[in-house]
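Student: Supplied structure: protein16.txt, compact mmCIF, C-alpha atoms and all ligand atoms.
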# COMPACT_ATOMS: atom_id res chain seq x y z
CA MET A 1 3.89 -15.91 -25.39
CA GLU A 2 1.82 -13.36 -23.56
CA SER A 3 2.97 -12.76 -19.99
CA GLU A 4 2.07 -10.78 -16.94
CA LYS A 5 4.72 -9.25 -14.67
CA SER A 6 4.40 -7.34 -11.50
CA ARG A 7 6.50 -4.23 -11.09
CA ASN A 8 6.23 -2.53 -7.71
CA GLY A 9 3.06 -4.51 -7.14
CA VAL A 10 1.41 -3.19 -10.34
CA ASN A 11 0.63 -5.49 -13.27
CA HIS A 12 2.43 -5.09 -16.59
CA PHE A 13 1.33 -7.22 -19.50
CA GLU A 14 3.68 -8.23 -22.31
CA ASN A 15 2.99 -9.71 -25.75
CA ILE A 16 -0.62 -8.60 -25.58
CA ALA A 17 -2.84 -8.97 -28.65
CA CYS A 18 -4.58 -5.81 -29.78
CA PRO A 19 -8.23 -6.08 -30.95
CA PHE A 20 -8.50 -2.58 -32.41
CA CYS A 21 -7.76 -3.43 -36.03
CA GLY A 22 -7.67 -6.50 -38.21
CA ILE A 23 -3.94 -7.23 -38.11
CA ALA A 24 -4.20 -7.95 -34.36
CA CYS A 25 -0.58 -7.19 -33.41
CA ASP A 26 0.42 -9.51 -30.58
CA ASP A 27 3.47 -7.75 -29.16
CA LEU A 28 2.06 -4.86 -27.15
CA GLU A 29 3.20 -4.02 -23.66
CA ILE A 30 0.47 -2.57 -21.51
CA GLY A 31 0.78 -1.17 -17.99
CA PRO A 32 -1.09 1.04 -15.58
CA SER A 33 -1.59 4.71 -16.45
CA GLY A 34 -1.10 5.86 -12.88
CA SER A 35 -4.65 7.17 -12.71
CA GLY A 36 -6.44 3.85 -12.58
CA GLY A 37 -6.46 3.19 -16.33
CA LEU A 38 -4.21 1.44 -18.82
CA LYS A 39 -1.23 2.77 -20.73
CA VAL A 40 0.27 1.40 -23.93
CA LEU A 41 3.96 1.18 -23.01
CA LYS A 42 5.43 -0.41 -26.13
CA ASN A 43 4.54 -1.38 -29.70
CA GLY A 44 1.29 0.57 -29.88
CA CYS A 45 -0.10 2.94 -32.48
CA ALA A 46 -2.51 5.85 -32.24
CA LYS A 47 -5.49 3.55 -32.79
CA SER A 48 -4.43 1.15 -30.04
CA VAL A 49 -3.78 4.02 -27.63
CA VAL A 50 -7.35 5.28 -28.18
CA GLY A 51 -8.68 1.76 -27.54
CA PHE A 52 -6.63 0.66 -24.56
CA GLU A 53 -6.38 4.03 -22.82
CA ARG A 54 -10.09 4.82 -23.01
CA PRO A 55 -11.17 5.84 -19.49
CA LEU A 56 -13.14 3.22 -17.63
CA LEU A 57 -16.77 4.33 -17.47
CA GLU A 58 -19.35 2.10 -15.84
CA PRO A 59 -22.74 3.69 -16.48
CA SER A 60 -25.99 1.99 -15.62
CA PRO A 61 -28.02 0.15 -18.27
CA GLN A 62 -31.01 2.15 -19.48
CA VAL A 63 -34.51 1.46 -20.73
CA ASP A 64 -36.21 4.40 -22.44
CA GLY A 65 -33.40 6.64 -21.17
CA LYS A 66 -33.94 5.72 -17.51
CA ASN A 67 -31.36 3.94 -15.39
CA VAL A 68 -32.32 0.35 -14.57
CA SER A 69 -30.61 -2.75 -13.25
CA LEU A 70 -28.89 -5.12 -15.66
CA ALA A 71 -31.60 -7.72 -14.98
CA GLU A 72 -34.33 -5.21 -15.90
CA ALA A 73 -32.51 -4.21 -19.09
CA VAL A 74 -32.06 -7.87 -20.05
CA ALA A 75 -35.76 -8.54 -19.41
CA ALA A 76 -36.77 -5.53 -21.53
CA ALA A 77 -34.47 -6.62 -24.37
CA ALA A 78 -35.82 -10.18 -24.24
CA LYS A 79 -39.40 -8.89 -24.38
CA LEU A 80 -38.65 -6.75 -27.45
CA ILE A 81 -36.99 -9.67 -29.24
CA ARG A 82 -39.80 -12.05 -28.28
CA GLU A 83 -42.40 -9.65 -29.67
CA SER A 84 -40.45 -8.76 -32.80
CA ARG A 85 -41.53 -10.25 -36.14
CA LEU A 86 -38.06 -9.97 -37.64
CA PRO A 87 -35.19 -8.61 -35.52
CA ILE A 88 -31.86 -7.70 -37.10
CA PHE A 89 -28.68 -8.52 -35.19
CA GLY A 90 -26.26 -5.93 -36.51
CA GLY A 91 -23.10 -4.04 -35.67
CA LEU A 92 -21.42 -7.25 -34.49
CA GLY A 93 -18.29 -5.49 -33.25
CA THR A 94 -17.20 -8.39 -31.06
CA GLY A 95 -14.85 -11.37 -30.88
CA VAL A 96 -15.36 -15.08 -31.44
CA GLU A 97 -17.24 -15.81 -28.23
CA GLY A 98 -19.46 -12.73 -28.61
CA MET A 99 -20.32 -13.77 -32.15
CA ARG A 100 -21.16 -17.29 -31.00
CA ALA A 101 -23.58 -15.74 -28.48
CA VAL A 102 -25.10 -13.57 -31.24
CA MET A 103 -25.66 -16.63 -33.43
CA ALA A 104 -27.34 -18.52 -30.60
CA LEU A 105 -29.63 -15.59 -29.83
CA ALA A 106 -30.45 -14.98 -33.50
CA GLU A 107 -31.38 -18.64 -33.90
CA ARG A 108 -33.63 -18.53 -30.82
CA GLY A 109 -35.08 -15.13 -31.71
CA GLY A 110 -35.54 -15.86 -35.40
CA GLY A 111 -33.52 -12.91 -36.68
CA VAL A 112 -31.16 -11.76 -39.41
CA VAL A 113 -27.40 -11.55 -38.80
CA ASP A 114 -25.25 -8.95 -40.61
CA HIS A 115 -22.10 -7.00 -39.71
CA ALA A 116 -21.91 -3.19 -39.86
CA LEU A 117 -18.99 -3.34 -42.31
CA SER A 118 -20.47 -6.02 -44.58
CA ALA A 119 -20.87 -3.66 -47.54
CA ALA A 120 -17.06 -3.53 -47.76
CA THR A 121 -16.31 -7.15 -46.93
CA TYR A 122 -18.89 -8.31 -49.47
CA ARG A 123 -16.71 -6.87 -52.25
CA ASN A 124 -14.31 -9.63 -51.28
CA THR A 125 -16.91 -12.27 -50.51
CA ARG A 126 -18.55 -11.99 -53.93
CA VAL A 127 -15.20 -12.52 -55.65
CA MET A 128 -14.29 -15.44 -53.43
CA GLN A 129 -17.67 -17.01 -54.15
CA SER A 130 -17.72 -16.38 -57.91
CA SER A 131 -14.17 -16.75 -59.19
CA GLY A 132 -11.95 -17.53 -56.20
CA TRP A 133 -8.65 -15.99 -55.21
CA LEU A 134 -5.13 -16.76 -54.19
CA THR A 135 -4.20 -14.96 -50.99
CA THR A 136 -1.36 -15.08 -48.53
CA THR A 137 -0.92 -14.47 -44.81
CA LEU A 138 0.73 -11.65 -42.90
CA THR A 139 3.52 -14.05 -41.89
CA GLU A 140 4.23 -15.31 -45.39
CA ALA A 141 4.19 -11.79 -46.81
CA ARG A 142 6.56 -10.65 -44.06
CA ASN A 143 9.02 -13.45 -44.78
CA ARG A 144 8.87 -13.98 -48.53
CA ALA A 145 7.69 -10.93 -50.51
CA ASP A 146 10.16 -8.86 -52.52
CA LEU A 147 7.53 -6.61 -54.11
CA PHE A 148 4.48 -5.04 -52.47
CA ILE A 149 1.89 -3.30 -54.64
CA ILE A 150 -0.43 -1.25 -52.45
CA ALA A 151 -3.63 -0.94 -54.49
CA GLY A 152 -5.77 2.02 -53.55
CA CYS A 153 -5.73 1.75 -49.76
CA ASP A 154 -4.38 4.06 -47.09
CA ILE A 155 -3.08 1.38 -44.78
CA ASN A 156 -1.71 3.80 -42.21
CA LYS A 157 -5.28 4.74 -41.39
CA SER A 158 -6.87 1.28 -41.37
CA ASN A 159 -3.99 -0.86 -40.05
CA PRO A 160 -1.34 1.55 -38.74
CA ARG A 161 1.46 -0.94 -37.95
CA PHE A 162 1.19 -3.01 -41.12
CA PHE A 163 4.33 -1.52 -42.69
CA GLU A 164 6.34 -1.77 -39.47
CA ARG A 165 5.41 -5.42 -38.88
CA VAL A 166 5.06 -6.87 -42.38
CA VAL A 167 6.91 -4.72 -44.92
CA CYS A 168 9.81 -2.97 -43.17
CA ASN A 169 10.93 -5.88 -40.96
CA GLU A 170 14.70 -6.33 -41.26
CA ALA A 171 14.85 -10.02 -40.37
CA SER A 172 13.39 -12.86 -42.41
CA MET A 173 12.66 -16.43 -41.38
CA PHE A 174 14.41 -17.76 -44.48
CA SER A 175 17.48 -15.57 -44.94
CA ASP A 176 20.10 -13.90 -42.74
CA ASN A 177 20.48 -11.22 -45.34
CA PRO A 178 17.08 -10.80 -47.02
CA PRO A 179 16.96 -8.68 -50.19
CA LYS A 180 15.54 -5.20 -50.21
CA ARG A 181 11.93 -4.77 -51.09
CA THR A 182 10.21 -2.60 -53.64
CA VAL A 183 6.98 -0.92 -52.58
CA ILE A 184 4.67 0.56 -55.20
CA PHE A 185 1.69 2.68 -54.23
CA LEU A 186 -1.02 2.62 -56.87
CA GLY A 187 -3.77 5.06 -56.02
CA ASP A 188 -4.92 8.51 -55.09
CA GLY A 189 -2.97 10.45 -52.44
CA LEU A 190 -1.76 7.38 -50.54
CA ASP A 191 0.47 7.97 -47.53
CA GLN A 192 3.81 6.29 -48.27
CA SER A 193 5.65 7.65 -45.20
CA ALA A 194 5.75 4.27 -43.41
CA ALA A 195 7.63 2.53 -46.25
CA LYS A 196 11.12 3.25 -44.94
CA GLY A 197 14.12 1.65 -43.29
CA PRO A 198 17.05 -0.54 -44.35
CA ARG A 199 14.84 -3.29 -45.78
CA ILE A 200 13.12 -0.95 -48.21
CA GLY A 201 14.63 -0.40 -51.64
CA GLU A 202 12.64 1.56 -54.17
CA VAL A 203 9.39 3.27 -53.21
CA LEU A 204 7.30 4.35 -56.19
CA THR A 205 3.98 6.09 -56.40
CA ILE A 206 1.69 5.77 -59.39
CA PRO A 207 -1.04 8.39 -58.99
CA CYS A 208 -4.33 7.00 -60.19
CA LYS A 209 -8.03 7.35 -59.36
CA THR A 210 -9.11 4.51 -57.08
CA ASP A 211 -12.04 3.59 -59.31
CA ARG A 212 -9.65 3.14 -62.28
CA ILE A 213 -7.31 0.66 -60.61
CA GLY A 214 -9.39 -2.19 -62.06
CA GLU A 215 -8.72 -0.92 -65.61
CA ILE A 216 -4.97 -0.98 -64.96
CA LEU A 217 -5.08 -4.50 -63.55
CA ASP A 218 -7.23 -5.68 -66.46
CA ALA A 219 -4.76 -4.12 -68.93
CA MET A 220 -1.90 -5.96 -67.20
CA ARG A 221 -3.94 -9.17 -67.45
CA ALA A 222 -4.03 -8.59 -71.20
CA MET A 223 -0.26 -7.94 -71.24
CA GLN A 224 0.19 -11.21 -69.38
CA LYS A 225 -1.61 -12.94 -72.26
CA GLY A 226 0.62 -11.24 -74.84
CA ILE A 227 -2.13 -8.90 -76.08
CA SER A 228 -0.76 -5.53 -77.11
CA ILE A 229 -2.41 -2.50 -75.53
CA THR A 230 -2.79 0.67 -77.51
CA GLY A 231 -3.41 4.23 -76.36
CA ASP A 232 -1.25 6.70 -74.48
CA THR A 233 -2.89 6.11 -71.13
CA ILE A 234 -4.46 3.21 -69.26
CA GLY A 235 -6.88 4.05 -66.47
CA GLY A 236 -5.58 7.63 -66.62
CA VAL A 237 -1.94 6.50 -66.14
CA PRO A 238 0.68 6.80 -68.92
CA ARG A 239 0.94 3.48 -70.74
CA ALA A 240 4.73 3.38 -70.22
CA THR A 241 4.19 3.59 -66.44
CA VAL A 242 1.77 0.65 -66.52
CA GLU A 243 4.22 -1.33 -68.67
CA ASP A 244 6.96 -0.59 -66.13
CA LEU A 245 4.67 -1.76 -63.29
CA PHE A 246 3.96 -4.95 -65.21
CA ALA A 247 7.68 -5.52 -65.85
CA ARG A 248 8.42 -5.14 -62.12
CA PHE A 249 5.64 -7.59 -61.31
CA LYS A 250 7.07 -10.14 -63.76
CA ALA A 251 10.60 -9.69 -62.39
CA ALA A 252 9.59 -10.19 -58.76
CA THR A 253 10.10 -13.60 -57.14
CA TYR A 254 7.17 -13.14 -54.77
CA SER A 255 4.86 -10.19 -55.23
CA VAL A 256 2.02 -9.32 -52.89
CA VAL A 257 -0.85 -7.08 -53.98
CA VAL A 258 -2.48 -5.43 -50.95
CA TRP A 259 -5.94 -3.91 -50.92
CA ASN A 260 -8.69 -3.00 -48.48
CA PRO A 261 -12.22 -3.58 -49.81
CA ALA A 262 -13.42 -0.55 -47.82
CA SER A 263 -11.41 1.65 -50.24
CA PHE A 264 -13.42 0.45 -53.24
CA ASP A 265 -16.63 2.19 -52.20
CA PHE A 266 -17.98 2.93 -55.68
CA ALA A 267 -20.31 1.19 -58.11
CA GLY A 268 -18.78 -2.11 -59.17
CA GLY A 269 -16.07 -1.90 -56.47
CA ASP A 270 -16.06 -5.71 -56.26
CA LEU A 271 -14.93 -5.79 -59.91
CA THR A 272 -11.72 -4.04 -58.84
CA VAL A 273 -11.16 -6.81 -56.27
CA GLN A 274 -11.87 -9.33 -59.02
CA ALA A 275 -9.41 -7.67 -61.44
CA ILE A 276 -6.70 -7.82 -58.76
CA CYS A 277 -7.44 -11.45 -57.93
CA GLU A 278 -7.56 -12.63 -61.55
CA PHE A 279 -4.30 -10.80 -62.31
CA ILE A 280 -2.65 -12.56 -59.37
CA LYS A 281 -4.00 -15.98 -60.30
CA GLU A 282 -2.80 -15.67 -63.88
CA GLY A 283 0.57 -14.29 -62.77
CA ASN A 284 1.22 -17.53 -60.92
CA ALA A 285 1.64 -19.35 -64.21
CA THR A 286 5.18 -17.99 -64.43
CA SER A 287 5.98 -16.49 -61.03
CA ARG A 288 4.78 -16.41 -57.45
CA SER A 289 2.23 -13.82 -56.44
CA ALA A 290 -0.51 -13.51 -53.85
CA GLY A 291 -3.16 -11.12 -52.63
CA LEU A 292 -3.55 -9.74 -49.14
CA SER A 293 -6.78 -8.03 -48.16
CA LEU A 294 -6.49 -5.71 -45.18
CA GLY A 295 -8.99 -3.85 -43.01
CA GLY A 296 -10.78 -6.44 -40.94
CA ASN A 297 -11.63 -3.91 -38.25
CA GLU A 298 -14.46 -4.10 -35.69
CA GLY A 299 -14.19 -7.88 -35.55
CA THR A 300 -15.32 -8.51 -39.13
CA PRO A 301 -13.12 -11.62 -39.64
CA SER A 302 -14.45 -13.09 -36.39
CA ALA A 303 -18.07 -12.38 -37.36
CA ILE A 304 -17.68 -13.87 -40.84
CA SER A 305 -15.86 -16.96 -39.61
CA VAL A 306 -18.19 -17.75 -36.73
CA CYS A 307 -21.24 -17.21 -38.92
CA ALA A 308 -19.75 -19.55 -41.53
CA TRP A 309 -18.84 -22.19 -38.92
CA GLN A 310 -22.30 -22.18 -37.40
CA SER A 311 -24.64 -21.50 -40.30
CA GLY A 312 -22.56 -22.48 -43.33
CA TYR A 313 -22.82 -18.93 -44.73
CA PRO A 314 -20.71 -15.75 -44.49
CA LEU A 315 -23.18 -13.35 -42.77
CA ARG A 316 -26.45 -11.98 -44.15
CA VAL A 317 -28.18 -15.04 -42.79
CA SER A 318 -31.76 -15.21 -41.57
CA TYR A 319 -33.15 -17.58 -38.95
CA ALA A 320 -36.70 -16.34 -39.50
CA ASN A 321 -37.79 -19.76 -40.75
CA GLY A 322 -36.04 -21.67 -37.98
CA LYS A 323 -33.06 -22.68 -40.09
CA PRO A 324 -30.24 -20.64 -41.63
CA GLU A 325 -31.24 -19.05 -44.90
CA TYR A 326 -28.63 -17.11 -46.89
CA ASP A 327 -29.21 -14.22 -49.26
CA ALA A 328 -26.51 -11.58 -49.67
CA GLU A 329 -28.93 -9.00 -51.06
CA ARG A 330 -32.15 -9.75 -49.21
CA TYR A 331 -30.52 -9.97 -45.76
CA ASP A 332 -28.37 -6.86 -46.12
CA ALA A 333 -29.23 -5.15 -42.80
CA ALA A 334 -28.85 -1.60 -44.15
CA ARG A 335 -31.19 -2.36 -47.06
CA MET A 336 -33.71 -4.06 -44.78
CA LEU A 337 -33.81 -1.11 -42.37
CA ALA A 338 -34.22 1.38 -45.22
CA ALA A 339 -37.05 -0.73 -46.67
CA LYS A 340 -38.65 -1.11 -43.22
CA GLU A 341 -38.52 -4.88 -43.44
CA SER A 342 -37.51 -5.23 -39.79
CA ASP A 343 -39.21 -4.06 -36.63
CA LEU A 344 -36.24 -4.30 -34.23
CA LEU A 345 -32.49 -3.66 -34.42
CA VAL A 346 -30.17 -5.32 -31.90
CA TRP A 347 -26.81 -3.56 -32.25
CA LEU A 348 -23.51 -4.77 -30.80
CA ALA A 349 -20.41 -2.54 -30.69
CA SER A 350 -17.90 -3.54 -28.04
CA PHE A 351 -14.53 -2.38 -29.44
CA GLY A 352 -14.76 1.35 -30.07
CA ASP A 353 -17.06 4.33 -29.62
CA ASP A 354 -17.59 4.96 -33.36
CA LEU A 355 -19.50 1.89 -34.56
CA VAL A 356 -22.89 3.52 -34.22
CA PRO A 357 -26.21 2.13 -35.46
CA PRO A 358 -27.57 3.56 -38.73
CA GLU A 359 -30.21 6.27 -38.61
CA THR A 360 -33.53 4.46 -38.26
CA ASP A 361 -36.83 4.85 -36.47
CA VAL A 362 -36.91 1.11 -35.80
CA PRO A 363 -36.71 0.43 -32.01
CA THR A 364 -33.14 -0.38 -31.11
CA ILE A 365 -31.40 -2.39 -28.42
CA VAL A 366 -27.75 -1.41 -28.09
CA LEU A 367 -25.07 -3.44 -26.38
CA GLY A 368 -22.18 -1.04 -26.67
CA THR A 369 -19.11 0.59 -25.19
CA PRO A 370 -20.12 3.08 -22.49
CA GLY A 371 -18.97 6.00 -24.68
CA LEU A 372 -20.64 4.85 -27.91
CA LYS A 373 -21.50 8.02 -29.85
CA LEU A 374 -25.23 7.43 -30.14
CA SER A 375 -27.20 10.15 -31.90
CA ARG A 376 -30.45 9.19 -30.18
CA LYS A 377 -31.51 7.19 -27.17
CA PRO A 378 -32.10 3.52 -27.94
CA LYS A 379 -35.02 1.69 -26.40
CA VAL A 380 -32.56 -0.39 -24.36
CA PHE A 381 -28.90 0.42 -23.77
CA ILE A 382 -26.62 -2.04 -22.02
CA PRO A 383 -23.01 -0.88 -21.64
CA VAL A 384 -20.62 -3.80 -22.18
CA GLY A 385 -16.90 -4.36 -21.74
CA THR A 386 -14.33 -4.60 -24.52
CA PRO A 387 -12.80 -8.00 -25.29
CA GLY A 388 -9.07 -7.82 -24.67
CA VAL A 389 -9.46 -4.97 -22.16
CA ASP A 390 -12.32 -5.67 -19.74
CA HIS A 391 -12.62 -9.40 -20.29
CA ALA A 392 -10.89 -12.27 -22.06
CA GLY A 393 -11.81 -13.44 -25.54
CA ARG A 394 -10.46 -14.38 -28.92
CA ILE A 395 -10.26 -12.58 -32.23
CA ILE A 396 -9.59 -13.80 -35.76
CA ARG A 397 -6.90 -11.96 -37.69
CA VAL A 398 -7.62 -10.31 -41.05
CA ASP A 399 -5.77 -13.05 -42.97
CA ASN A 400 -8.15 -15.59 -41.40
CA VAL A 401 -5.44 -18.08 -40.47
CA VAL A 402 -5.05 -17.54 -36.75
CA SER A 403 -7.15 -16.52 -33.81
CA LEU A 404 -5.46 -14.53 -31.08
CA PRO A 405 -6.28 -14.85 -27.38
CA LEU A 406 -7.36 -11.58 -25.77
CA ARG A 407 -6.58 -10.86 -22.11
CA LYS A 408 -8.59 -9.16 -19.41
CA LEU A 409 -6.30 -6.25 -18.50
CA ARG A 410 -8.27 -4.23 -15.97
CA GLN A 411 -10.87 -4.67 -13.28
CA SER A 412 -14.24 -3.58 -14.57
CA LYS A 413 -17.84 -3.99 -13.55
CA LEU A 414 -18.95 -3.89 -17.18
CA PRO A 415 -20.53 -7.20 -18.23
CA SER A 416 -19.28 -8.91 -21.38
CA ALA A 417 -21.58 -8.95 -24.40
CA ILE A 418 -21.23 -12.73 -24.25
CA ASP A 419 -22.89 -12.88 -20.81
CA VAL A 420 -25.53 -10.29 -21.67
CA LEU A 421 -26.53 -12.05 -24.89
CA ALA A 422 -26.68 -15.40 -23.09
CA SER A 423 -28.90 -13.86 -20.38
CA ILE A 424 -31.23 -12.37 -23.02
CA GLU A 425 -31.42 -15.74 -24.75
CA ALA A 426 -32.23 -17.45 -21.45
CA ALA A 427 -35.01 -14.92 -20.82
CA LEU A 428 -36.68 -15.36 -24.22
S1 LIG A 501 -1.91 -1.71 -35.96
FE1 LIG A 501 -3.93 -2.40 -35.35
S2 LIG A 501 -3.62 -4.26 -34.15
FE2 LIG A 501 -1.63 -3.20 -34.34
S3 LIG A 501 -1.46 -1.98 -32.48
FE3 LIG A 501 -2.39 -0.66 -34.06
S4 LIG A 501 -4.63 -0.91 -33.84
FE4 LIG A 501 -3.64 -2.55 -32.70
Would you kindly transcribe this structure into structure tokens?
Ligand code: SF4
Tutor:
Amino acid sequence: MESEKSRNGVNHFENIACPFCGIACDDLEIGPSGSGGLKVLKNGCAKSVVGFERPLLEPSPQVDGKNVSLAEAVAAAAKLIRESRLPIFGGLGTGVEGMRAVMALAERGGGVVDHALSAATYRNTRVMQSSGWLTTTLTEARNRADLFIIAGCDINKSNPRFFERVVCNEASMFSDNPPKRTVIFLGDGLDQSAAKGPRIGEVLTIPCKTDRIGEILDAMRAMQKGISITGDTIGGVPRATVEDLFARFKAATYSVVVWNPASFDFAGGDLTVQAICEFIKEGNATSRSAGLSLGGNEGTPSAISVCAWQSGYPLRVSYANGKPEYDAERYDAARMLAAKESDLLVWLASFGDDLVPPETDVPTIVLGTPGLKLSRKPKVFIPVGTPGVDHAGRIIRVDNVVSLPLRKLRQSKLPSAIDVLASIEAAL
């Protein structure tokens, strides 16, 4: 349970959920920095420190680079959306309530909805839509897995506390003396430094090009079917090493294959996700195995879920015809901007300063963190607070099974994107 304590009259927050990556750790302790800001006191990571300890800036909204009141900025944004033939609502770095407000505004304004990180998440979505998958949750992996295969992703960068919370945990819900775990890194230069501690048994690294991981998984699918594989190497890896990996997979009681679709940024990257997922599905004929897709940063799970709840589709939805219309290729925001199919970009980035809009000469409305690293002045800029720091909210975890409540931790004059979007919608 989250809690708030007062020490010497200053608020300390315990069991706080962190919105700065997809695993949404819910055990942080946050207190005052002593200079008016916040300090991560316990259970943080470098990414969370950057997010929570960002100095509070409260700049004025701007229209055409000039300071204006919030009401004037809202009116200018509403006018642009009203006059637009086809606005894109992109970025979408927000929580559940912010995404609900985006959906309402897109429906009123007749626009297209797509997240900034959709290119990566669509490698998963296409597989889920076409052939399905068998995935697990962070909690089940933490409590049941005896083998983790880390396929091609540098988790310490994307989800820094994953190993600490899910792989290296000493206690298990189902055993007082849980067995040691094997961790196998399959990929190119992956950081294995976090796989340590008494719970960890063997740690193996199989060096392999990321875009050849699919070949290795497909070869192991063949082995699973009793088909003999010839050749000295498979996907650039010695055949004996792949056979050993397969033997370890077969011997495990509960294996978890972990990937991050953002790591498969090459032609046919979704086929690597598919090879992993088919291998897992087929492995369940004789053993227990599951997939776990990580990443989920900048609120992608919240954006996908809310869009699916409200429109029936997982992003890349257009309301141009007054009802939700889904097309994963046609309503790809990056493609549409490059093809000049839109005349207005409404960009939302409320978690960090790095989720910047793509280079485009299309007029842009930005609802963003005050320090968002914009390369050019947008037509309208409205600084907004961060959910879980400046205002309350809710975020969906990367395994899509829970939503975590986010607390307001500091006093801030920054409006929430939820309120700003609702005001723009009211002014349309
Ligand atoms: S691992 Fe992710 S959710 Fe956990 S504290 Fe770090 S940034 Fe926050």
Student: Which polymer residues have any atom within 9 Å of an atom of A:His391, counting all atoms listed in the file, with same-chain residues fewer than 5 positions away left out, as a list in words?
Tutor: Gly385, Thr386, Leu406, Arg407, Lys408, Leu409, Arg410, Gln411, Ser412, Leu414, Pro415 and Ser416 of chain A
Student: Name the residues, by chain letter and number, that sit within 6 Å of ligand LIG 501 (chain A) using all atoms listed in the file, and give them as a list in words.
Tutor: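 I would give the residues around ligand LIG 501 (chain A) as Cys18, Pro19, Phe20, Cys21, Ile23, Ala24, Cys25, Gly44, Cys45, Lys47, Ser48, Asn159, Pro160 and Arg161 of chain A.
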Student: What's the separation between atom CA of A:Gly296 and atom CA of A:Val398, in Å to one decimal place?
Tutor: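 Pair atom CA of A:Gly296 / atom CA of A:Val398 returns 5.0 Å.
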Student: If I take atom CA of A:Val362 and atom CA of A:Pro261, how far is one from the other in Å, to one decimal?
Tutor: 28.8 Å
Student: Contacts of stretch 78-83 of chain A at 12 Å or less, counting all atoms listed in the file, minus same-chain residues fewer than 6 places along, as a PyMOL selection string?
Tutor: chain A and resi 63+71-72+89+105-112+342-346+362-365+379-380+420-428
Student: Stretch 267-319 of chain A near stretch 137-158 of chain A within 8 Å: what's each residue's closest atom pair and its distance in Å to one decimal, counting only C-alpha atoms, ordered by chain then ascending residue number, as CSV?
Tutor:
residue,atom,partner,partner_atom,distance
A:Leu292,CA,A:Thr137,CA,6.9
A:Leu294,CA,A:Ile155,CA,7.9
A:Gly295,CA,A:Ser158,CA,5.8
A:Asn297,CA,A:Ser158,CA,7.7
Student: So that I can check the surroundings of A:Ala334, please list as a PyMOL selection string every protein, DNA and RNA residue that reaches within 12 Å of it, counting all atoms listed in the file and ignoring chain neighbours fewer than 4 positions away.
Tutor: chain A and resi 88-91+112-119+316+328-330+338-342+345+357-360+362
Student: Would you mind telling me which residue in A:Leu57, A:Ala320, A:Val127, A:Leu404 lies nearest to A:Leu372 when using all atoms listed in the file?
Tutor: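 Looking only at the distances to A:Leu372, the closest residue turns out to be A:Leu57.
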Student: Using only C-alpha atoms, which residue out of A:Leu190, A:Ile396, A:Leu38, A:Val242 lies closest to A:Ala303?
Tutor: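 For A:Ala303, the nearest of the candidates is A:Ile396.
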